[in-house]
$ cat input38.txt   # compact mmCIF, C-alpha atoms
# COMPACT_ATOMS: atom_id res chain seq x y z
CA MET A 1 -59.81 2.06 -53.78
CA GLN A 2 -56.59 1.11 -55.44
CA THR A 3 -54.96 4.37 -54.31
CA VAL A 4 -56.03 3.87 -50.69
CA PHE A 5 -54.64 0.35 -50.76
CA SER A 6 -51.35 1.50 -52.35
CA GLU A 7 -51.07 4.32 -49.78
CA GLN A 8 -51.39 1.75 -46.99
CA ILE A 9 -48.78 -0.48 -48.64
CA HIS A 10 -46.55 2.53 -49.01
CA LYS A 11 -46.95 3.45 -45.29
CA VAL A 12 -46.34 -0.16 -44.22
CA SER A 13 -43.25 -0.34 -46.47
CA ILE A 14 -41.85 2.85 -44.96
CA ALA A 15 -42.54 1.56 -41.43
CA LEU A 16 -40.82 -1.76 -42.25
CA LEU A 17 -37.82 0.05 -43.71
CA ILE A 18 -37.50 2.23 -40.60
CA LEU A 19 -37.82 -0.83 -38.36
CA LEU A 20 -35.26 -2.72 -40.47
CA PHE A 21 -32.89 0.28 -40.30
CA ILE A 22 -33.24 0.47 -36.49
CA LEU A 23 -32.62 -3.25 -36.03
CA THR A 24 -29.58 -3.35 -38.30
CA SER A 25 -28.02 -0.11 -37.05
CA CYS A 26 -27.82 -1.32 -33.43
CA LYS A 27 -25.15 -3.98 -33.92
CA LYS A 28 -22.83 -2.42 -31.35
CA GLU A 29 -21.15 -5.08 -29.22
CA PHE A 30 -21.76 -4.91 -25.51
CA ILE A 31 -18.55 -4.16 -23.62
CA PRO A 32 -18.76 -4.46 -19.83
CA LYS A 33 -17.28 -1.64 -17.80
CA PRO A 34 -14.08 -2.45 -15.93
CA VAL A 35 -14.26 -2.98 -12.19
CA GLY A 36 -14.12 0.33 -10.37
CA TYR A 37 -12.94 1.07 -6.87
CA PHE A 38 -14.50 3.27 -4.26
CA ARG A 39 -12.90 6.64 -3.72
CA ILE A 40 -10.90 6.62 -0.50
CA ALA A 41 -10.95 9.78 1.58
CA LEU A 42 -7.42 10.21 2.92
CA PRO A 43 -6.85 12.42 5.98
CA ALA A 44 -4.23 15.15 6.11
CA HIS A 45 -0.83 13.90 7.29
CA ASN A 46 -0.55 14.72 10.98
CA TYR A 47 1.86 13.23 13.53
CA ALA A 48 2.41 12.89 17.28
CA LEU A 49 5.44 11.77 19.25
CA TYR A 50 5.50 8.11 20.27
CA GLU A 51 7.74 7.58 23.28
CA SER A 52 8.62 3.92 23.34
CA SER A 53 10.04 2.16 26.37
CA CYS A 54 12.63 0.82 23.92
CA PRO A 55 15.61 3.09 23.21
CA PHE A 56 13.98 5.28 20.58
CA ASN A 57 11.23 7.84 20.01
CA MET A 58 9.52 8.61 16.71
CA GLU A 59 6.59 10.52 15.31
CA VAL A 60 3.64 8.36 14.27
CA PRO A 61 0.42 9.31 12.44
CA VAL A 62 -2.42 10.47 14.70
CA TYR A 63 -4.89 8.40 12.62
CA SER A 64 -3.02 5.20 13.52
CA ASP A 65 -2.91 3.17 16.74
CA VAL A 66 0.14 1.67 18.39
CA GLU A 67 -0.58 -1.96 19.24
CA ILE A 68 2.02 -3.34 21.63
CA TYR A 69 2.86 -6.95 20.94
CA ARG A 70 5.88 -7.20 23.19
CA GLU A 71 7.80 -4.41 24.81
CA THR A 72 10.42 -4.95 27.46
CA GLN A 73 12.49 -2.58 29.57
CA ALA A 74 15.56 -4.79 29.12
CA GLY A 75 15.81 -3.76 25.46
CA ASP A 76 16.37 -7.29 24.19
CA SER A 77 13.45 -6.97 21.81
CA CYS A 78 10.50 -4.72 21.15
CA TRP A 79 7.66 -5.71 18.85
CA PHE A 80 4.71 -3.51 18.09
CA ASN A 81 2.31 -2.74 15.25
CA LEU A 82 1.29 0.59 13.86
CA VAL A 83 -2.34 -0.09 12.96
CA TYR A 84 -4.36 1.84 10.36
CA PRO A 85 -7.91 0.66 11.20
CA LYS A 86 -9.56 2.77 8.49
CA PHE A 87 -7.32 1.27 5.78
CA ARG A 88 -7.07 -2.28 7.17
CA ALA A 89 -3.28 -2.06 7.23
CA LYS A 90 -0.51 -2.66 9.76
CA ILE A 91 3.16 -1.86 9.90
CA HIS A 92 4.88 -4.56 11.96
CA PHE A 93 7.92 -3.19 13.84
CA THR A 94 10.68 -5.23 15.46
CA TYR A 95 13.45 -3.59 17.47
CA LEU A 96 16.67 -5.53 18.01
CA PRO A 97 19.89 -4.40 19.65
CA VAL A 98 23.01 -4.49 17.48
CA GLN A 99 25.64 -6.65 19.14
CA GLY A 100 28.29 -6.91 16.45
CA ASN A 101 25.69 -8.55 14.19
CA LEU A 102 24.63 -5.67 11.92
CA ASP A 103 25.47 -7.66 8.78
CA VAL A 104 23.29 -10.54 9.96
CA LEU A 105 20.34 -8.23 10.76
CA GLN A 106 20.62 -6.52 7.37
CA ALA A 107 20.83 -9.87 5.60
CA GLU A 108 17.75 -11.15 7.46
CA THR A 109 15.80 -8.06 6.44
CA TYR A 110 16.87 -8.57 2.82
CA GLU A 111 15.78 -12.24 3.01
CA PHE A 112 12.37 -11.25 4.44
CA ALA A 113 11.84 -8.89 1.49
CA MET A 114 13.03 -11.51 -1.02
CA LYS A 115 10.51 -14.06 0.31
CA HIS A 116 7.93 -12.03 -1.65
CA GLU A 117 9.94 -12.26 -4.87
CA MET A 118 7.67 -14.93 -6.41
CA LYS A 119 4.62 -12.63 -6.30
CA ALA A 120 6.37 -9.28 -6.71
CA ASP A 121 6.85 -7.84 -10.19
CA ALA A 122 9.87 -5.91 -8.93
CA ILE A 123 11.66 -5.12 -5.68
CA ILE A 124 13.21 -1.67 -5.55
CA ARG A 125 15.81 -1.02 -2.84
CA THR A 126 16.42 2.57 -1.79
CA PRO A 127 19.15 3.26 0.79
CA PHE A 128 18.76 6.41 2.90
CA ARG A 129 20.55 8.46 5.52
CA VAL A 130 18.86 11.13 7.60
CA GLY A 131 20.95 14.30 7.40
CA ASN A 132 24.09 14.15 9.52
CA ARG A 133 22.36 12.12 12.25
CA GLU A 134 23.18 8.50 13.04
CA VAL A 135 20.15 7.19 11.17
CA PHE A 136 20.69 4.90 8.18
CA GLY A 137 18.50 2.39 6.45
CA GLN A 138 17.03 0.86 3.37
CA LEU A 139 13.51 0.93 1.97
CA TYR A 140 12.17 -1.99 -0.09
CA ASP A 141 9.25 -1.20 -2.41
CA LEU A 142 7.63 -4.43 -3.60
CA LYS A 143 5.61 -3.98 -6.78
CA GLY A 144 2.79 -6.25 -7.91
CA GLU A 145 0.72 -8.68 -5.85
CA ALA A 146 3.20 -9.28 -3.04
CA ALA A 147 1.73 -9.79 0.43
CA SER A 148 3.87 -6.96 1.82
CA GLN A 149 4.12 -3.86 -0.36
CA CYS A 150 6.77 -1.99 1.61
CA GLN A 151 9.52 -3.02 4.05
CA PHE A 152 12.38 -1.12 5.60
CA TYR A 153 15.02 -1.06 8.28
CA ILE A 154 16.50 1.78 10.31
CA THR A 155 19.75 1.60 12.27
CA ASP A 156 22.48 3.67 13.85
CA SER A 157 24.88 0.88 12.76
CA THR A 158 26.32 0.42 16.26
CA SER A 159 23.56 -0.20 18.85
CA ASN A 160 20.02 -0.07 17.43
CA PHE A 161 18.17 -1.80 14.60
CA ILE A 162 14.48 -1.56 13.65
CA ARG A 163 12.92 -3.76 10.98
CA ALA A 164 9.40 -3.06 9.70
CA ALA A 165 6.98 -4.42 7.10
CA LEU A 166 3.65 -3.08 5.84
CA TYR A 167 0.80 -5.54 5.35
CA PHE A 168 -2.79 -4.97 4.20
CA GLU A 169 -5.53 -7.19 5.59
CA VAL A 170 -7.00 -7.59 2.11
CA ARG A 171 -6.06 -9.51 -1.02
CA PRO A 172 -3.06 -7.70 -2.51
CA ASN A 173 -4.49 -5.96 -5.59
CA PRO A 174 -1.98 -3.26 -6.63
CA ASP A 175 -4.61 -1.10 -8.36
CA SER A 176 -7.05 -0.98 -5.47
CA ILE A 177 -4.49 -0.31 -2.72
CA ALA A 178 -2.30 2.10 -4.71
CA PRO A 179 -3.67 5.36 -3.20
CA VAL A 180 -3.48 4.06 0.38
CA LEU A 181 -0.04 2.55 -0.22
CA ALA A 182 1.30 5.90 -1.47
CA PHE A 183 -0.28 7.62 1.55
CA ILE A 184 1.21 5.19 4.10
CA ARG A 185 4.58 5.27 2.33
CA GLU A 186 4.73 9.01 3.08
CA ASP A 187 4.14 8.14 6.75
CA ILE A 188 6.98 5.61 6.60
CA ILE A 189 9.32 8.26 5.20
CA HIS A 190 8.26 10.61 8.01
CA ILE A 191 8.94 7.92 10.63
CA THR A 192 12.44 7.34 9.25
CA GLN A 193 13.11 11.08 9.28
CA THR A 194 11.94 11.64 12.87
CA ILE A 195 13.31 8.64 14.74
CA GLU A 196 15.56 9.56 17.68
CA TRP A 197 17.78 7.06 19.44
CA ARG A 198 18.05 7.20 23.25
$ encode --input "input38.txt" --output "structure tokens"
Amino acid sequence: MQTVFSEQIHKVSIALLILLFILTSCKKEFIPKPVGYFRIALPAHNYALYESSCPFNMEVPVYSDVEIYRETQAGDSCWFNLVYPKFRAKIHFTYLPVQGNLDVLQAETYEFAMKHEMKADAIIRTPFRVGNREVFGQLYDLKGEAASQCQFYITDSTSNFIRAALYFEVRPNPDSIAPVLAFIREDIIHITQTIEWR
């Protein structure tokens, strides 16, 4: 009888030791997973000619829509948006004729970019010239949580000036919009390379 009782105590002791081992070995702290973002399917870059009634033509992405805000035959101003409905983004374009005021137009574009300085971690300015054509400009990359992530201007320095700014219709989170921003930035480079003055 004593041996049966001691065997039961022995089994219970082993079970308690195993249970105690399991309870003490699982002291791993819970660490929540970081917020993830949905994968964004980006289309292949493909362009079509946009013939504006203003004095220029350019190639725009086929997956975007041109939204005319104001376009006049007189050429005094031309405002339109290049809308990316799938990405909830717009590039706002403004055309202005140069009338001996190139310095003023460039300074205004610089001021528009600098208005985002409080939220931007950095503002990188990249001047460009398209081959030997009369196309010059500057690209502003705004890093961080700025409302506009990319701005630029294009000019022939004598007659034509285009100012543009990219805006997303979402809260500016650099991590979540990074793939789309890089994709649209390639479109912006293509636009600057293909613009033709008339």
$ closest_residue --input "input38.txt" --among "A:Val135, A:Ala182, A:Ile68, A:Ala113" --to "Glu196 (chain A)" --atoms "all atoms listed in the file"
A:Val135
$ residues_around --input "input38.txt" --residues "Asn46 (chain A)" --least-positions-apart "3" --cutoff "10 Å" --atoms "all atoms listed in the file" --output "list of chain:residue names"
A:Pro43, A:Glu59, A:Val60, A:Pro61, A:Val62, A:Tyr63, A:Asp187
$ write_last_selection --input "input38.txt" --atoms "C-alpha atoms" --output "PDB file, in the frame of the given file"
ATOM      1  CA  PRO A  43      -6.850  12.420   5.980  1.00  0.00           C
ATOM      2  CA  GLU A  59       6.590  10.520  15.310  1.00  0.00           C
ATOM      3  CA  VAL A  60       3.640   8.360  14.270  1.00  0.00           C
ATOM      4  CA  PRO A  61       0.420   9.310  12.440  1.00  0.00           C
ATOM      5  CA  VAL A  62      -2.420  10.470  14.700  1.00  0.00           C
ATOM      6  CA  TYR A  63      -4.890   8.400  12.620  1.00  0.00           C
ATOM      7  CA  ASP A 187       4.140   8.140   6.750  1.00  0.00           C
TER       8      ASP A 187
END
$ closest_residue --input "input38.txt" --among "A:Val104, A:Ile189, A:Leu139, A:Ala89" --to "Arg171 (chain A)" --atoms "only C-alpha atoms"
A:Ala89
$ atom_distance --input "input38.txt" --atom1 "CA of Ala48 (chain A)" --atom2 "CA of Gln149 (chain A)"
24.4 Å
$ closest_residue --input "input38.txt" --among "A:Arg125, A:Arg39, A:Arg133, A:Lys119" --to "Ala147 (chain A)" --atoms "only C-alpha atoms"
A:Lys119
$ atom_distance --input "input38.txt" --atom1 "CA of Ser53 (chain A)" --atom2 "CA of Phe161 (chain A)"
14.8 Å
$ residues_around --input "input38.txt" --residues "Asn173 (chain A)" --least-positions-apart "5" --cutoff "12 Å" --atoms "all atoms listed in the file" --output "ChimeraX atom specification"
/A:37,119-120,143-149,168,178-181
$ write_last_selection --input "input38.txt" --atoms "C-alpha atoms" --output "compact mmCIF listing (two decimals), in the coordinates of the input"
# COMPACT_ATOMS: atom_id res chain seq x y z
CA TYR A 37 -12.94 1.07 -6.87
CA LYS A 119 4.62 -12.63 -6.30
CA ALA A 120 6.37 -9.28 -6.71
CA LYS A 143 5.61 -3.98 -6.78
CA GLY A 144 2.79 -6.25 -7.91
CA GLU A 145 0.72 -8.68 -5.85
CA ALA A 146 3.20 -9.28 -3.04
CA ALA A 147 1.73 -9.79 0.43
CA SER A 148 3.87 -6.96 1.82
CA GLN A 149 4.12 -3.86 -0.36
CA PHE A 168 -2.79 -4.97 4.20
CA ALA A 178 -2.30 2.10 -4.71
CA PRO A 179 -3.67 5.36 -3.20
CA VAL A 180 -3.48 4.06 0.38
CA LEU A 181 -0.04 2.55 -0.22
$ atom_distance --input "input38.txt" --atom1 "CA of Leu82 (chain A)" --atom2 "CA of Phe38 (chain A)"
24.2 Å
$ residues_around --input "input38.txt" --residues "Phe152 (chain A)" --least-positions-apart "5" --cutoff "9 Å" --atoms "all atoms listed in the file" --output "compact mmCIF listing (two decimals) with C-alpha atoms, keeping the file's coordinate frame"
# COMPACT_ATOMS: atom_id res chain seq x y z
CA THR A 109 15.80 -8.06 6.44
CA ALA A 113 11.84 -8.89 1.49
CA GLY A 137 18.50 2.39 6.45
CA GLN A 138 17.03 0.86 3.37
CA LEU A 139 13.51 0.93 1.97
CA TYR A 140 12.17 -1.99 -0.09
CA ASP A 141 9.25 -1.20 -2.41
CA ILE A 162 14.48 -1.56 13.65
CA ARG A 163 12.92 -3.76 10.98
CA ALA A 164 9.40 -3.06 9.70
CA ALA A 165 6.98 -4.42 7.10
CA LEU A 166 3.65 -3.08 5.84
CA ILE A 188 6.98 5.61 6.60
$ closest_residue --input "input38.txt" --among "A:Met114, A:Val130, A:Ile40, A:Cys150" --to "Ser176 (chain A)" --atoms "all atoms listed in the file"
A:Ile40
$ axis_aligned_box --input "input38.txt" --around "region 109-115 of chain A" --padding-each-side "5 Å" --output "AutoDock Vina command-line options"
--center_x 13.7 --center_y -11.1 --center_z 2.7 --size_x 16.4 --size_y 16.0 --size_z 17.5
$ closest_residue --input "input38.txt" --among "A:Ile14, A:Phe128, A:Phe56, A:Trp79" --to "Ile195 (chain A)" --atoms "only C-alpha atoms"
A:Phe56
$ build_atoms --input "input38.txt" --residues "region 140-163 of chain A" --atoms "N, CA and C atoms" --output "mmCIF file, in the coordinates of the input"
data_model
loop_
_atom_site.group_PDB
_atom_site.id
_atom_site.type_symbol
_atom_site.label_atom_id
_atom_site.label_comp_id
_atom_site.auth_asym_id
_atom_site.auth_seq_id
_atom_site.Cartn_x
_atom_site.Cartn_y
_atom_site.Cartn_z
ATOM 1 N N TYR A 140 12.471 -1.020 0.969
ATOM 2 C CA TYR A 140 12.170 -1.990 -0.090
ATOM 3 C C TYR A 140 10.736 -1.746 -0.555
ATOM 4 N N ASP A 141 10.573 -1.332 -1.809
ATOM 5 C CA ASP A 141 9.250 -1.200 -2.410
ATOM 6 C C ASP A 141 8.996 -2.440 -3.245
ATOM 7 N N LEU A 142 7.952 -3.192 -2.896
ATOM 8 C CA LEU A 142 7.630 -4.430 -3.600
ATOM 9 C C LEU A 142 6.436 -4.172 -4.505
ATOM 10 N N LYS A 143 6.652 -4.256 -5.792
ATOM 11 C CA LYS A 143 5.610 -3.980 -6.780
ATOM 12 C C LYS A 143 4.851 -5.253 -7.118
ATOM 13 N N GLY A 144 3.599 -5.103 -7.510
ATOM 14 C CA GLY A 144 2.790 -6.250 -7.910
ATOM 15 C C GLY A 144 1.933 -6.772 -6.774
ATOM 16 N N GLU A 145 1.652 -8.069 -6.801
ATOM 17 C CA GLU A 145 0.720 -8.680 -5.850
ATOM 18 C C GLU A 145 1.416 -9.336 -4.666
ATOM 19 N N ALA A 146 2.499 -8.748 -4.213
ATOM 20 C CA ALA A 146 3.200 -9.280 -3.040
ATOM 21 C C ALA A 146 2.357 -9.036 -1.793
ATOM 22 N N ALA A 147 2.494 -9.916 -0.817
ATOM 23 C CA ALA A 147 1.730 -9.790 0.430
ATOM 24 C C ALA A 147 2.113 -8.525 1.190
ATOM 25 N N SER A 148 3.386 -8.184 1.183
ATOM 26 C CA SER A 148 3.870 -6.960 1.820
ATOM 27 C C SER A 148 4.335 -6.015 0.721
ATOM 28 N N GLN A 149 3.813 -4.802 0.721
ATOM 29 C CA GLN A 149 4.120 -3.860 -0.360
ATOM 30 C C GLN A 149 5.318 -2.972 -0.052
ATOM 31 N N CYS A 150 5.687 -2.879 1.221
ATOM 32 C CA CYS A 150 6.770 -1.990 1.610
ATOM 33 C C CYS A 150 7.432 -2.531 2.876
ATOM 34 N N GLN A 151 8.762 -2.601 2.869
ATOM 35 C CA GLN A 151 9.520 -3.020 4.050
ATOM 36 C C GLN A 151 10.714 -2.100 4.182
ATOM 37 N N PHE A 152 11.222 -1.978 5.404
ATOM 38 C CA PHE A 152 12.380 -1.120 5.600
ATOM 39 C C PHE A 152 13.091 -1.481 6.892
ATOM 40 N N TYR A 153 14.313 -0.987 6.999
ATOM 41 C CA TYR A 153 15.020 -1.060 8.280
ATOM 42 C C TYR A 153 15.676 0.274 8.545
ATOM 43 N N ILE A 154 15.850 0.559 9.845
ATOM 44 C CA ILE A 154 16.500 1.780 10.310
ATOM 45 C C ILE A 154 17.528 1.351 11.353
ATOM 46 N N THR A 155 18.708 1.948 11.308
ATOM 47 C CA THR A 155 19.750 1.600 12.270
ATOM 48 C C THR A 155 20.678 2.779 12.502
ATOM 49 N N ASP A 156 21.387 2.718 13.638
ATOM 50 C CA ASP A 156 22.480 3.670 13.850
ATOM 51 C C ASP A 156 23.813 2.986 13.579
ATOM 52 N N SER A 157 23.769 1.739 13.162
ATOM 53 C CA SER A 157 24.880 0.880 12.760
ATOM 54 C C SER A 157 25.782 0.424 13.911
ATOM 55 N N THR A 158 25.488 0.856 15.140
ATOM 56 C CA THR A 158 26.320 0.420 16.260
ATOM 57 C C THR A 158 25.519 -0.228 17.394
ATOM 58 N N SER A 159 24.310 0.283 17.681
ATOM 59 C CA SER A 159 23.560 -0.200 18.850
ATOM 60 C C SER A 159 22.122 -0.596 18.561
ATOM 61 N N ASN A 160 21.472 0.076 17.614
ATOM 62 C CA ASN A 160 20.020 -0.070 17.430
ATOM 63 C C ASN A 160 19.674 -0.489 16.007
ATOM 64 N N PHE A 161 18.637 -1.330 15.906
ATOM 65 C CA PHE A 161 18.170 -1.800 14.600
ATOM 66 C C PHE A 161 16.667 -1.994 14.675
ATOM 67 N N ILE A 162 15.941 -1.395 13.742
ATOM 68 C CA ILE A 162 14.480 -1.560 13.650
ATOM 69 C C ILE A 162 14.165 -2.101 12.262
ATOM 70 N N ARG A 163 13.395 -3.173 12.238
ATOM 71 C CA ARG A 163 12.920 -3.760 10.980
ATOM 72 C C ARG A 163 11.411 -3.600 10.952
#
